[in-house]
Amino acid sequence: LTQCPRIKKMAAAAVVVAETTTESRQVTEAEREEARQIVANAVNLFTRGSKKEKRELTAEEQQACFVKLDRLKEVIQSKGGPPLGSDWWVECEQRKGGSSQGSYDYYYFHADADTGKTLRFRSTTEVARHLGLEAERKKKVAKKAARSDLPSAVAAAEPPPPAEPDVSAG
(Lines give C-alpha, C1' and ligand atoms only; values in the text may rest on other atoms or scores of the structure.)
Protein backbone atom coordinates (compact mmCIF):
# COMPACT_ATOMS: atom_id res chain seq x y z
CA LEU A 1 0.00 0.00 0.00
CA THR A 2 2.70 2.48 0.97
CA GLN A 3 4.82 1.63 -2.08
CA CYS A 4 2.29 3.06 -4.54
CA PRO A 5 2.91 6.84 -4.85
CA ARG A 6 -0.67 7.65 -5.95
CA ILE A 7 -2.18 5.92 -2.93
CA LYS A 8 0.41 7.43 -0.60
CA LYS A 9 -0.39 10.91 -1.92
CA MET A 10 -4.16 10.40 -1.62
CA ALA A 11 -3.90 8.99 1.89
CA ALA A 12 -1.63 11.85 3.02
CA ALA A 13 -4.09 14.40 1.61
CA ALA A 14 -6.98 12.69 3.37
CA VAL A 15 -5.17 12.69 6.70
CA VAL A 16 -4.33 16.39 6.36
CA VAL A 17 -7.93 17.29 5.51
CA ALA A 18 -9.43 15.04 8.19
CA GLU A 19 -7.14 15.98 11.05
CA THR A 20 -6.39 19.64 10.34
CA THR A 21 -7.70 21.77 13.16
CA THR A 22 -6.58 25.07 14.48
CA GLU A 23 -7.60 27.01 17.52
CA SER A 24 -9.81 29.20 15.35
CA ARG A 25 -11.75 26.54 13.43
CA GLN A 26 -12.79 22.91 13.35
CA VAL A 27 -12.82 20.72 10.25
CA THR A 28 -16.10 21.21 8.42
CA GLU A 29 -18.36 18.34 7.39
CA ALA A 30 -17.58 19.10 3.72
CA GLU A 31 -13.84 18.74 4.39
CA ARG A 32 -14.46 15.52 6.29
CA GLU A 33 -16.52 14.21 3.36
CA GLU A 34 -13.74 15.19 0.95
CA ALA A 35 -11.25 13.24 3.05
CA ARG A 36 -13.55 10.22 3.08
CA GLN A 37 -13.83 10.42 -0.70
CA ILE A 38 -10.03 10.56 -1.08
CA VAL A 39 -9.60 7.51 1.15
CA ALA A 40 -12.35 5.64 -0.71
CA ASN A 41 -10.64 6.39 -4.01
CA ALA A 42 -7.33 5.17 -2.63
CA VAL A 43 -8.92 1.94 -1.38
CA ASN A 44 -10.67 1.39 -4.71
CA LEU A 45 -7.40 1.98 -6.55
CA PHE A 46 -5.62 -0.43 -4.22
CA THR A 47 -8.19 -3.23 -4.54
CA ARG A 48 -8.76 -2.91 -8.28
CA GLY A 49 -5.98 -5.34 -9.12
CA SER A 50 -6.76 -7.91 -6.43
CA LYS A 51 -7.66 -11.53 -7.20
CA LYS A 52 -11.24 -11.05 -6.14
CA GLU A 53 -12.83 -8.72 -8.67
CA LYS A 54 -14.31 -5.77 -6.83
CA ARG A 55 -16.93 -3.53 -8.30
CA GLU A 56 -17.10 0.21 -7.78
CA LEU A 57 -19.03 1.07 -4.61
CA THR A 58 -22.03 3.35 -4.86
CA ALA A 59 -22.06 6.59 -2.88
CA GLU A 60 -24.54 5.03 -0.41
CA GLU A 61 -22.29 2.00 0.11
CA GLN A 62 -19.24 4.21 0.64
CA GLN A 63 -21.18 6.29 3.14
CA ALA A 64 -22.28 3.11 4.97
CA CYS A 65 -18.64 2.00 5.19
CA PHE A 66 -17.61 5.35 6.68
CA VAL A 67 -20.47 5.20 9.17
CA LYS A 68 -19.33 1.69 10.22
CA LEU A 69 -15.75 2.94 10.62
CA ASP A 70 -16.89 5.91 12.73
CA ARG A 71 -18.98 3.54 14.87
CA LEU A 72 -15.99 1.21 15.30
CA LYS A 73 -13.85 4.13 16.48
CA GLU A 74 -16.55 5.15 18.99
CA VAL A 75 -16.93 1.61 20.34
CA ILE A 76 -13.19 1.09 20.76
CA GLN A 77 -12.73 4.43 22.54
CA SER A 78 -15.74 3.76 24.79
CA LYS A 79 -14.03 0.54 25.91
CA GLY A 80 -10.88 2.47 26.79
CA GLY A 81 -8.97 1.61 23.64
CA PRO A 82 -6.58 3.77 21.65
CA PRO A 83 -7.80 6.11 18.92
CA LEU A 84 -7.81 4.23 15.62
CA GLY A 85 -5.67 5.84 12.93
CA SER A 86 -5.78 6.00 9.16
CA ASP A 87 -4.48 2.43 8.93
CA TRP A 88 -8.02 1.14 9.62
CA TRP A 89 -10.74 0.89 6.97
CA VAL A 90 -14.03 -0.85 6.24
CA GLU A 91 -15.14 -2.71 3.14
CA CYS A 92 -18.60 -3.97 2.37
CA GLU A 93 -19.68 -6.88 0.21
CA GLN A 94 -23.19 -7.53 -0.96
CA ARG A 95 -24.41 -11.09 -0.49
CA LYS A 96 -25.05 -12.74 -3.82
CA GLY A 97 -27.19 -15.72 -2.82
CA GLY A 98 -29.19 -17.42 -0.12
CA SER A 99 -32.07 -16.17 1.96
CA SER A 100 -30.18 -12.97 2.87
CA GLN A 101 -29.28 -12.10 -0.74
CA GLY A 102 -28.84 -8.37 -1.23
CA SER A 103 -27.83 -7.60 2.36
CA TYR A 104 -24.28 -6.46 3.17
CA ASP A 105 -21.38 -7.88 5.14
CA TYR A 106 -18.92 -5.37 6.56
CA TYR A 107 -15.28 -6.21 7.21
CA TYR A 108 -12.85 -4.16 9.27
CA PHE A 109 -9.24 -4.04 8.08
CA HIS A 110 -6.04 -2.96 9.79
CA ALA A 111 -2.69 -2.55 8.04
CA ASP A 112 -0.35 -3.73 10.79
CA ALA A 113 2.93 -1.82 10.37
CA ASP A 114 4.80 -4.18 12.73
CA THR A 115 4.14 -7.35 10.73
CA GLY A 116 3.47 -5.83 7.32
CA LYS A 117 0.22 -7.80 7.12
CA THR A 118 -3.33 -6.65 6.65
CA LEU A 119 -5.64 -8.07 9.31
CA ARG A 120 -9.35 -8.64 8.65
CA PHE A 121 -12.05 -8.63 11.33
CA ARG A 122 -15.72 -9.52 10.97
CA SER A 123 -17.03 -7.51 13.91
CA THR A 124 -16.28 -4.75 16.41
CA THR A 125 -16.02 -7.48 19.04
CA GLU A 126 -13.19 -9.15 17.10
CA VAL A 127 -11.39 -5.80 16.85
CA ALA A 128 -11.82 -5.25 20.60
CA ARG A 129 -10.39 -8.72 21.30
CA HIS A 130 -7.43 -8.01 19.01
CA LEU A 131 -6.71 -4.80 20.93
CA GLY A 132 -6.98 -6.62 24.27
CA LEU A 133 -10.14 -4.79 25.34
CA GLU A 134 -12.29 -7.94 25.67
CA ALA A 135 -11.57 -11.43 26.90
CA GLU A 136 -10.72 -14.04 24.31
CA ARG A 137 -13.59 -16.22 23.21
CA LYS A 138 -13.65 -19.63 24.83
CA LYS A 139 -12.90 -22.41 22.39
CA LYS A 140 -15.38 -25.26 22.16
CA VAL A 141 -13.78 -28.45 23.47
CA ALA A 142 -15.10 -31.85 22.45
CA LYS A 143 -16.13 -33.91 25.44
CA LYS A 144 -14.33 -37.23 25.70
CA ALA A 145 -14.99 -40.02 28.19
CA ALA A 146 -12.15 -40.39 30.64
CA ARG A 147 -10.39 -43.78 30.50
CA SER A 148 -10.61 -44.20 34.27
CA ASP A 149 -14.41 -43.94 34.11
CA LEU A 150 -14.70 -46.74 31.56
CA PRO A 151 -14.49 -49.80 33.93
CA SER A 152 -16.97 -48.34 36.41
CA ALA A 153 -19.40 -47.58 33.60
CA VAL A 154 -19.12 -51.19 32.34
CA ALA A 155 -19.56 -52.58 35.89
CA ALA A 156 -22.65 -50.47 36.44
CA ALA A 157 -24.20 -51.86 33.26
CA GLU A 158 -23.78 -55.53 34.30
CA PRO A 159 -26.65 -57.16 36.20
CA PRO A 160 -25.94 -58.13 39.81
CA PRO A 161 -24.92 -61.78 40.44
CA PRO A 162 -27.82 -64.15 41.27
CA ALA A 163 -28.63 -64.55 44.96
CA GLU A 164 -27.65 -67.85 46.59
CA PRO A 165 -30.56 -70.00 47.72
CA ASP A 166 -31.37 -69.95 51.46
CA VAL A 167 -30.85 -73.54 52.73
CA SER A 168 -31.44 -72.85 56.44
CA ALA A 169 -35.21 -72.49 56.03
CA GLY A 170 -35.85 -76.19 55.37
# chains A, B, ... in the order shown; residues from 1 in each chain; ligands from 1

call {"tool": "residues_around", "arguments": {"residues": "region 67-70 of chain A", "least_positions_apart": "3", "cutoff": "7 Å", "atoms": "only C-alpha atoms", "output": "MDAnalysis selection string"}}
result
chainID A and resid 63:64 73:74 89:90

call {"tool": "select_by_dssp", "arguments": {"residues": "region 34-120 of chain A", "states": "strand (DSSP E)", "output": "JSON, numbers by chain"}}
result
{"A": [88, 89, 90, 91, 92, 93, 94, 104, 105, 106, 107, 108, 109, 110, 111, 112, 117, 118, 119, 120]}

call {"tool": "closest_residue", "arguments": {"among": "A:Ser100, A:Glu29, A:Ala113, A:Gly80", "to": "Leu133 (chain A)", "atoms": "only C-alpha atoms"}}
result
A:Gly80
